[in-house]
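data.txt, holding compact mmCIF, N, CA and C atoms:
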# COMPACT_ATOMS: atom_id res chain seq x y z
N MET A 26 0.85 -1.18 0.00
CA MET A 26 0.00 0.00 0.00
C MET A 26 0.89 1.24 0.00
N LYS A 27 0.55 2.18 -0.79
CA LYS A 27 1.35 3.41 -0.91
C LYS A 27 1.13 4.28 0.31
N ASN A 28 2.22 4.70 0.90
CA ASN A 28 2.18 5.60 2.03
C ASN A 28 2.09 7.02 1.48
N ALA A 29 1.13 7.78 1.91
CA ALA A 29 0.92 9.13 1.39
C ALA A 29 1.78 10.16 2.10
N GLN A 30 2.66 9.71 3.00
CA GLN A 30 3.54 10.63 3.71
C GLN A 30 4.33 11.46 2.71
N LYS A 31 4.52 12.70 3.02
CA LYS A 31 5.33 13.56 2.16
C LYS A 31 6.53 14.05 2.95
N ILE A 32 7.67 14.05 2.31
CA ILE A 32 8.86 14.68 2.86
C ILE A 32 9.37 15.63 1.81
N ALA A 33 10.18 16.54 2.19
CA ALA A 33 10.75 17.46 1.21
C ALA A 33 12.02 16.84 0.66
N LEU A 34 12.25 17.02 -0.61
CA LEU A 34 13.43 16.49 -1.27
C LEU A 34 13.99 17.59 -2.14
N ALA A 35 15.16 18.03 -1.81
CA ALA A 35 15.79 19.09 -2.61
C ALA A 35 16.60 18.41 -3.70
N THR A 36 16.30 18.72 -4.93
CA THR A 36 17.06 18.11 -6.01
C THR A 36 18.43 18.72 -6.08
N GLY A 37 19.37 17.91 -6.44
CA GLY A 37 20.73 18.38 -6.60
C GLY A 37 21.04 18.75 -8.03
N PHE A 38 20.02 18.94 -8.88
CA PHE A 38 20.27 19.22 -10.29
C PHE A 38 21.20 20.41 -10.47
N ALA A 39 20.93 21.51 -9.82
CA ALA A 39 21.78 22.68 -9.99
C ALA A 39 23.11 22.49 -9.29
N MET A 40 23.12 21.70 -8.24
CA MET A 40 24.32 21.53 -7.44
C MET A 40 25.25 20.48 -8.01
N VAL A 41 24.76 19.27 -8.21
CA VAL A 41 25.61 18.19 -8.68
C VAL A 41 24.93 17.31 -9.73
N ALA A 42 23.84 17.74 -10.26
CA ALA A 42 23.12 17.01 -11.30
C ALA A 42 22.58 15.68 -10.84
N LEU A 43 22.30 15.54 -9.57
CA LEU A 43 21.66 14.33 -9.04
C LEU A 43 20.54 14.75 -8.11
N PRO A 44 19.36 14.16 -8.24
CA PRO A 44 18.34 14.45 -7.25
C PRO A 44 18.66 13.66 -6.00
N GLY A 45 18.15 14.12 -4.88
CA GLY A 45 18.28 13.24 -3.76
C GLY A 45 18.55 13.77 -2.39
N LEU A 46 18.42 15.03 -2.11
CA LEU A 46 18.64 15.50 -0.76
C LEU A 46 17.30 15.73 -0.09
N ALA A 47 16.93 14.85 0.79
CA ALA A 47 15.65 15.00 1.48
C ALA A 47 15.81 16.04 2.58
N GLN A 48 14.95 17.02 2.60
CA GLN A 48 15.08 18.10 3.57
C GLN A 48 13.78 18.84 3.75
N ALA A 49 13.79 19.75 4.68
CA ALA A 49 12.68 20.67 4.87
C ALA A 49 13.23 21.99 5.34
N GLN A 50 12.41 23.01 5.33
CA GLN A 50 12.90 24.33 5.74
C GLN A 50 13.39 24.31 7.18
N ASP A 51 12.68 23.69 8.08
CA ASP A 51 13.07 23.65 9.49
C ASP A 51 13.44 22.23 9.89
N GLY A 52 14.12 21.50 9.04
CA GLY A 52 14.48 20.12 9.33
C GLY A 52 13.88 19.21 8.30
N GLU A 53 13.90 17.97 8.58
CA GLU A 53 13.44 16.97 7.64
C GLU A 53 12.01 16.56 8.00
N ILE A 54 11.07 16.87 7.13
CA ILE A 54 9.66 16.63 7.40
C ILE A 54 9.41 15.15 7.65
N GLY A 55 8.81 14.84 8.77
CA GLY A 55 8.47 13.46 9.10
C GLY A 55 9.64 12.66 9.64
N TYR A 56 10.77 13.29 9.86
CA TYR A 56 11.97 12.62 10.35
C TYR A 56 12.55 13.42 11.51
N GLU A 57 13.30 12.73 12.36
CA GLU A 57 14.04 13.44 13.39
C GLU A 57 15.10 14.29 12.72
N LYS A 58 15.45 15.39 13.34
CA LYS A 58 16.47 16.30 12.81
C LYS A 58 17.72 15.50 12.48
N ASP A 59 18.23 15.68 11.28
CA ASP A 59 19.46 15.09 10.77
C ASP A 59 19.35 13.60 10.44
N ALA A 60 18.15 13.04 10.51
CA ALA A 60 18.00 11.62 10.16
C ALA A 60 18.33 11.35 8.70
N LEU A 61 18.20 12.39 7.86
CA LEU A 61 18.47 12.24 6.45
C LEU A 61 19.78 12.92 6.03
N ALA A 62 20.55 13.38 7.01
CA ALA A 62 21.87 14.00 6.80
C ALA A 62 21.83 15.17 5.83
N TYR A 63 20.72 15.84 5.79
CA TYR A 63 20.57 16.96 4.85
C TYR A 63 21.61 18.05 5.08
N ASP A 64 21.80 18.45 6.33
CA ASP A 64 22.75 19.53 6.62
C ASP A 64 24.16 19.16 6.18
N ALA A 65 24.57 17.93 6.46
CA ALA A 65 25.91 17.48 6.06
C ALA A 65 26.05 17.48 4.54
N LEU A 66 25.03 17.00 3.85
CA LEU A 66 25.07 16.98 2.38
C LEU A 66 25.13 18.39 1.82
N MET A 67 24.34 19.29 2.36
CA MET A 67 24.32 20.67 1.87
C MET A 67 25.64 21.38 2.15
N ALA A 68 26.31 21.00 3.25
CA ALA A 68 27.59 21.60 3.60
C ALA A 68 28.75 20.97 2.83
N GLY A 69 28.45 19.92 2.06
CA GLY A 69 29.51 19.23 1.33
C GLY A 69 30.30 18.27 2.18
N ASP A 70 29.83 17.99 3.38
CA ASP A 70 30.50 17.05 4.27
C ASP A 70 29.96 15.64 3.98
N ASN A 71 30.35 15.13 2.84
CA ASN A 71 29.78 13.88 2.34
C ASN A 71 30.20 12.67 3.16
N GLU A 72 31.41 12.68 3.70
CA GLU A 72 31.84 11.56 4.54
C GLU A 72 30.98 11.48 5.81
N ALA A 73 30.69 12.63 6.41
CA ALA A 73 29.82 12.65 7.59
C ALA A 73 28.42 12.17 7.22
N ALA A 74 27.95 12.57 6.04
CA ALA A 74 26.63 12.12 5.58
C ALA A 74 26.61 10.61 5.41
N VAL A 75 27.66 10.05 4.80
CA VAL A 75 27.74 8.59 4.63
C VAL A 75 27.68 7.91 5.99
N GLU A 76 28.49 8.40 6.93
CA GLU A 76 28.52 7.79 8.27
C GLU A 76 27.16 7.85 8.94
N LYS A 77 26.52 9.01 8.87
CA LYS A 77 25.20 9.18 9.49
C LYS A 77 24.16 8.28 8.83
N LEU A 78 24.14 8.28 7.52
CA LEU A 78 23.11 7.53 6.80
C LEU A 78 23.32 6.02 6.88
N GLU A 79 24.56 5.57 6.88
CA GLU A 79 24.82 4.14 7.01
C GLU A 79 24.36 3.60 8.36
N SER A 80 24.30 4.46 9.35
CA SER A 80 23.83 4.03 10.67
C SER A 80 22.32 4.21 10.81
N GLY A 81 21.69 4.67 9.75
CA GLY A 81 20.25 4.93 9.78
C GLY A 81 19.43 3.75 9.29
N LYS A 82 18.21 4.05 8.94
CA LYS A 82 17.23 3.05 8.52
C LYS A 82 17.38 2.80 7.02
N LEU A 83 18.15 1.78 6.67
CA LEU A 83 18.47 1.53 5.26
C LEU A 83 17.32 0.91 4.48
N THR A 84 16.17 0.80 5.10
CA THR A 84 14.98 0.33 4.37
C THR A 84 14.09 1.49 3.96
N ASP A 85 14.46 2.71 4.33
CA ASP A 85 13.68 3.90 4.03
C ASP A 85 14.16 4.48 2.70
N PRO A 86 13.29 4.62 1.72
CA PRO A 86 13.71 5.15 0.42
C PRO A 86 14.40 6.51 0.49
N ALA A 87 13.97 7.40 1.37
CA ALA A 87 14.61 8.71 1.47
C ALA A 87 16.04 8.57 1.98
N VAL A 88 16.26 7.68 2.93
CA VAL A 88 17.61 7.42 3.43
C VAL A 88 18.46 6.82 2.32
N MET A 89 17.89 5.87 1.59
CA MET A 89 18.63 5.22 0.50
C MET A 89 19.01 6.24 -0.58
N ILE A 90 18.10 7.13 -0.93
CA ILE A 90 18.38 8.14 -1.96
C ILE A 90 19.50 9.06 -1.49
N ASN A 91 19.41 9.54 -0.25
CA ASN A 91 20.44 10.43 0.25
C ASN A 91 21.78 9.72 0.40
N LEU A 92 21.76 8.47 0.82
CA LEU A 92 23.01 7.71 0.91
C LEU A 92 23.60 7.51 -0.48
N GLY A 93 22.76 7.24 -1.45
CA GLY A 93 23.24 7.14 -2.83
C GLY A 93 23.87 8.44 -3.28
N GLN A 94 23.26 9.55 -2.92
CA GLN A 94 23.81 10.87 -3.26
C GLN A 94 25.18 11.04 -2.62
N ALA A 95 25.30 10.71 -1.34
CA ALA A 95 26.58 10.85 -0.63
C ALA A 95 27.63 9.92 -1.24
N TYR A 96 27.24 8.70 -1.57
CA TYR A 96 28.17 7.78 -2.22
C TYR A 96 28.65 8.35 -3.55
N ALA A 97 27.73 8.87 -4.35
CA ALA A 97 28.10 9.42 -5.65
C ALA A 97 29.11 10.56 -5.48
N ARG A 98 28.90 11.38 -4.50
CA ARG A 98 29.78 12.52 -4.27
C ARG A 98 31.16 12.10 -3.76
N THR A 99 31.26 10.92 -3.18
CA THR A 99 32.55 10.45 -2.68
C THR A 99 33.21 9.47 -3.63
N GLY A 100 32.69 9.40 -4.85
CA GLY A 100 33.30 8.55 -5.87
C GLY A 100 32.89 7.09 -5.82
N ARG A 101 31.92 6.77 -5.00
CA ARG A 101 31.46 5.38 -4.87
C ARG A 101 30.24 5.17 -5.76
N SER A 102 30.45 5.28 -7.06
CA SER A 102 29.35 5.23 -8.02
C SER A 102 28.59 3.91 -7.98
N GLY A 103 29.30 2.81 -7.83
CA GLY A 103 28.64 1.51 -7.76
C GLY A 103 27.72 1.40 -6.57
N ASP A 104 28.20 1.87 -5.41
CA ASP A 104 27.36 1.86 -4.21
C ASP A 104 26.18 2.81 -4.37
N ALA A 105 26.42 3.95 -5.02
CA ALA A 105 25.33 4.91 -5.26
C ALA A 105 24.25 4.26 -6.11
N ALA A 106 24.65 3.59 -7.18
CA ALA A 106 23.69 2.94 -8.07
C ALA A 106 22.89 1.88 -7.31
N LYS A 107 23.55 1.14 -6.42
CA LYS A 107 22.85 0.12 -5.62
C LYS A 107 21.80 0.75 -4.71
N MET A 108 22.14 1.90 -4.10
CA MET A 108 21.18 2.57 -3.22
C MET A 108 19.99 3.10 -4.01
N PHE A 109 20.25 3.72 -5.16
CA PHE A 109 19.14 4.23 -5.98
C PHE A 109 18.26 3.08 -6.45
N ALA A 110 18.87 1.97 -6.86
CA ALA A 110 18.09 0.80 -7.32
C ALA A 110 17.28 0.23 -6.16
N ALA A 111 17.87 0.19 -4.97
CA ALA A 111 17.14 -0.33 -3.81
C ALA A 111 15.94 0.55 -3.49
N ALA A 112 16.10 1.87 -3.60
CA ALA A 112 14.98 2.78 -3.35
C ALA A 112 13.89 2.60 -4.41
N MET A 113 14.32 2.39 -5.66
CA MET A 113 13.35 2.17 -6.75
C MET A 113 12.54 0.90 -6.52
N ASN A 114 13.20 -0.12 -5.98
CA ASN A 114 12.57 -1.43 -5.82
C ASN A 114 12.03 -1.68 -4.42
N SER A 115 12.07 -0.66 -3.58
CA SER A 115 11.61 -0.81 -2.20
C SER A 115 10.12 -1.15 -2.16
N ASN A 116 9.73 -1.90 -1.15
CA ASN A 116 8.30 -2.18 -0.98
C ASN A 116 7.57 -0.98 -0.38
N ARG A 117 8.32 0.05 0.00
CA ARG A 117 7.75 1.30 0.50
C ARG A 117 7.93 2.37 -0.56
N SER A 118 6.95 3.20 -0.72
CA SER A 118 7.09 4.38 -1.56
C SER A 118 6.18 5.46 -1.02
N PHE A 119 6.57 6.67 -1.22
CA PHE A 119 5.78 7.81 -0.79
C PHE A 119 6.19 9.00 -1.61
N ASP A 120 5.40 10.05 -1.52
CA ASP A 120 5.67 11.25 -2.29
C ASP A 120 6.76 12.09 -1.63
N LEU A 121 7.59 12.66 -2.48
CA LEU A 121 8.64 13.57 -2.04
C LEU A 121 8.38 14.92 -2.69
N VAL A 122 8.64 15.98 -1.97
CA VAL A 122 8.50 17.32 -2.52
C VAL A 122 9.89 17.80 -2.92
N LEU A 123 10.08 18.05 -4.21
CA LEU A 123 11.36 18.50 -4.70
C LEU A 123 11.57 19.98 -4.41
N ALA A 124 12.80 20.42 -4.51
CA ALA A 124 13.13 21.81 -4.21
C ALA A 124 12.34 22.77 -5.09
N ASP A 125 12.02 22.34 -6.31
CA ASP A 125 11.26 23.22 -7.21
C ASP A 125 9.76 23.15 -6.96
N GLY A 126 9.35 22.42 -5.91
CA GLY A 126 7.94 22.31 -5.57
C GLY A 126 7.23 21.13 -6.20
N GLN A 127 7.89 20.47 -7.12
CA GLN A 127 7.32 19.31 -7.79
C GLN A 127 7.19 18.15 -6.81
N VAL A 128 6.08 17.44 -6.86
CA VAL A 128 5.87 16.27 -6.03
C VAL A 128 6.14 15.04 -6.88
N VAL A 129 7.03 14.18 -6.38
CA VAL A 129 7.46 12.99 -7.12
C VAL A 129 7.45 11.80 -6.18
N ASN A 130 6.99 10.68 -6.67
CA ASN A 130 7.03 9.45 -5.89
C ASN A 130 8.49 9.08 -5.63
N SER A 131 8.76 8.49 -4.48
CA SER A 131 10.14 8.14 -4.12
C SER A 131 10.77 7.19 -5.14
N ARG A 132 9.99 6.31 -5.72
CA ARG A 132 10.53 5.41 -6.75
C ARG A 132 10.98 6.21 -7.98
N LYS A 133 10.19 7.19 -8.37
CA LYS A 133 10.54 8.03 -9.51
C LYS A 133 11.77 8.88 -9.19
N ALA A 134 11.85 9.42 -7.97
CA ALA A 134 13.02 10.21 -7.57
C ALA A 134 14.28 9.36 -7.62
N ALA A 135 14.18 8.12 -7.17
CA ALA A 135 15.34 7.21 -7.21
C ALA A 135 15.71 6.88 -8.66
N GLU A 136 14.70 6.69 -9.50
CA GLU A 136 14.96 6.43 -10.92
C GLU A 136 15.65 7.63 -11.57
N MET A 137 15.19 8.83 -11.24
CA MET A 137 15.82 10.04 -11.77
C MET A 137 17.28 10.12 -11.32
N ALA A 138 17.53 9.80 -10.06
CA ALA A 138 18.89 9.84 -9.52
C ALA A 138 19.79 8.84 -10.24
N LEU A 139 19.28 7.64 -10.44
CA LEU A 139 20.05 6.60 -11.13
C LEU A 139 20.32 6.99 -12.57
N ASN A 140 19.32 7.51 -13.25
CA ASN A 140 19.52 7.96 -14.64
C ASN A 140 20.55 9.07 -14.73
N ASN A 141 20.49 10.00 -13.81
CA ASN A 141 21.47 11.10 -13.80
C ASN A 141 22.87 10.58 -13.49
N LEU A 142 22.98 9.66 -12.57
CA LEU A 142 24.27 9.06 -12.25
C LEU A 142 24.84 8.35 -13.49
N ASN A 143 24.00 7.56 -14.13
CA ASN A 143 24.44 6.84 -15.32
C ASN A 143 24.85 7.81 -16.44
N GLY A 144 24.11 8.90 -16.57
CA GLY A 144 24.45 9.90 -17.58
C GLY A 144 25.79 10.56 -17.29
N ARG A 145 26.04 10.83 -16.04
CA ARG A 145 27.33 11.43 -15.66
C ARG A 145 28.46 10.46 -15.91
N LEU A 146 28.25 9.20 -15.61
CA LEU A 146 29.30 8.19 -15.82
C LEU A 146 29.57 8.00 -17.30
N ALA A 147 28.51 8.02 -18.10
CA ALA A 147 28.65 7.80 -19.54
C ALA A 147 29.38 8.97 -20.22
N SER A 148 29.28 10.14 -19.64
CA SER A 148 29.90 11.31 -20.26
C SER A 148 31.37 11.50 -19.89
N ARG A 149 31.87 10.62 -19.08
CA ARG A 149 33.30 10.72 -18.67
C ARG A 149 34.21 10.31 -19.80

Give the structure from the file, written as structure tokens.
Amino acid sequence: MKNAQKIALATGFAMVALPGLAQAQDGEIGYEKDALAYDALMAGDNEAAVEKLESGKLTDPAVMINLGQAYARTGRSGDAAKMFAAAMNSNRSFDLVLADGQVVNSRKAAEMALNNLNGRLASR
């Protein structure tokens, strides 16, 4: 059953051409502060984000997407692709609010992230 929960997801298109930073204006909607490592990702502290997210709930699509983002930023493209694929194939899905206000299902957001990652790898 689809969970109608919404969280905010800031796309990284302008920043790093990957969607995937779950966040909210005053923290992460529906999550404890820093559960999605948004502040670390926005600050470019990707190693801290990896550490935080790896200790988190790896069955949550938002966590998987952000961990994939952190992996991609630290050169771990294979691990990033695995996280995006896991989020796409998760038995949980819910709507995410992108930075541009667009609402996207978590599976679609993960698919967008994987496609962008693959596009970046192909252009090397």

Exercise for the section: Would you please work out which residue, of A:Asn116, A:Ala62, A:Asp70, A:Ser148, is nearest to Leu92 in chain A when using only C-alpha atoms? Expected result: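 Using only C-alpha atoms, the shortest distance to Leu92 in chain A belongs to A:Ala62.
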
Practice task
In Å, rounded to a single decimal, give me how far atom C of Arg117 in chain A is from atom C of Met67 in chain A.
Solution key: 26.1 Å

Practice task
Provide the atom C of Tyr96 in chain A to atom C of Ala110 in chain A distance in Å, to one decimal place.
Solution key: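 Computing it gives 14.2 Å between the two atoms.
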
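Neighbouring residues of range 132-134 of chain A at 8 Å or closer, counting all atoms listed in the file and skipping chain neighbours under 4 positions away, are Pro44, Gly45, Pro86, Ile90, Phe109, Ala111, Ala112, Met113, Asn114, Ser115, Arg117, Ser118, Phe119, Asp120, Leu121, Ala138, Leu139 and Asn140 of chain A.
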
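Of note, CA of Glu136 in chain A and CA of Lys58 in chain A are spaced 25.7 Å apart.
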
Problem - Distance criterion (only C-alpha atoms): nearest to Arg98 in chain A out of A:Ala74, A:Leu83, A:Val128, A:Ala147 - result: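 For Arg98 in chain A, the nearest of the given residues is A:Ala74.
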
Handout entry: Sel. of alpha helix (DSSP H) residues, range 76-148 of chain A, as an MDAnalysis selection string
Key = chainID A and resid 76:79 86:98 102:113 131:147

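Distance annotation: of A:Ala97, A:Ala60, A:Met108, A:Ala73, the residue with the minimal separation from Leu146 in chain A is A:Ala97; atom set is only C-alpha atoms.
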
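The neighbours of Asn71 in chain A here are the residues that come within 8 Å of it, using all atoms listed in the file and leaving out any residue fewer than 5 positions away in the same chain; they are Ala65, Leu66, Glu76, Lys77, Gln94, Ala95, Tyr96, Arg98 and Thr99 of chain A.
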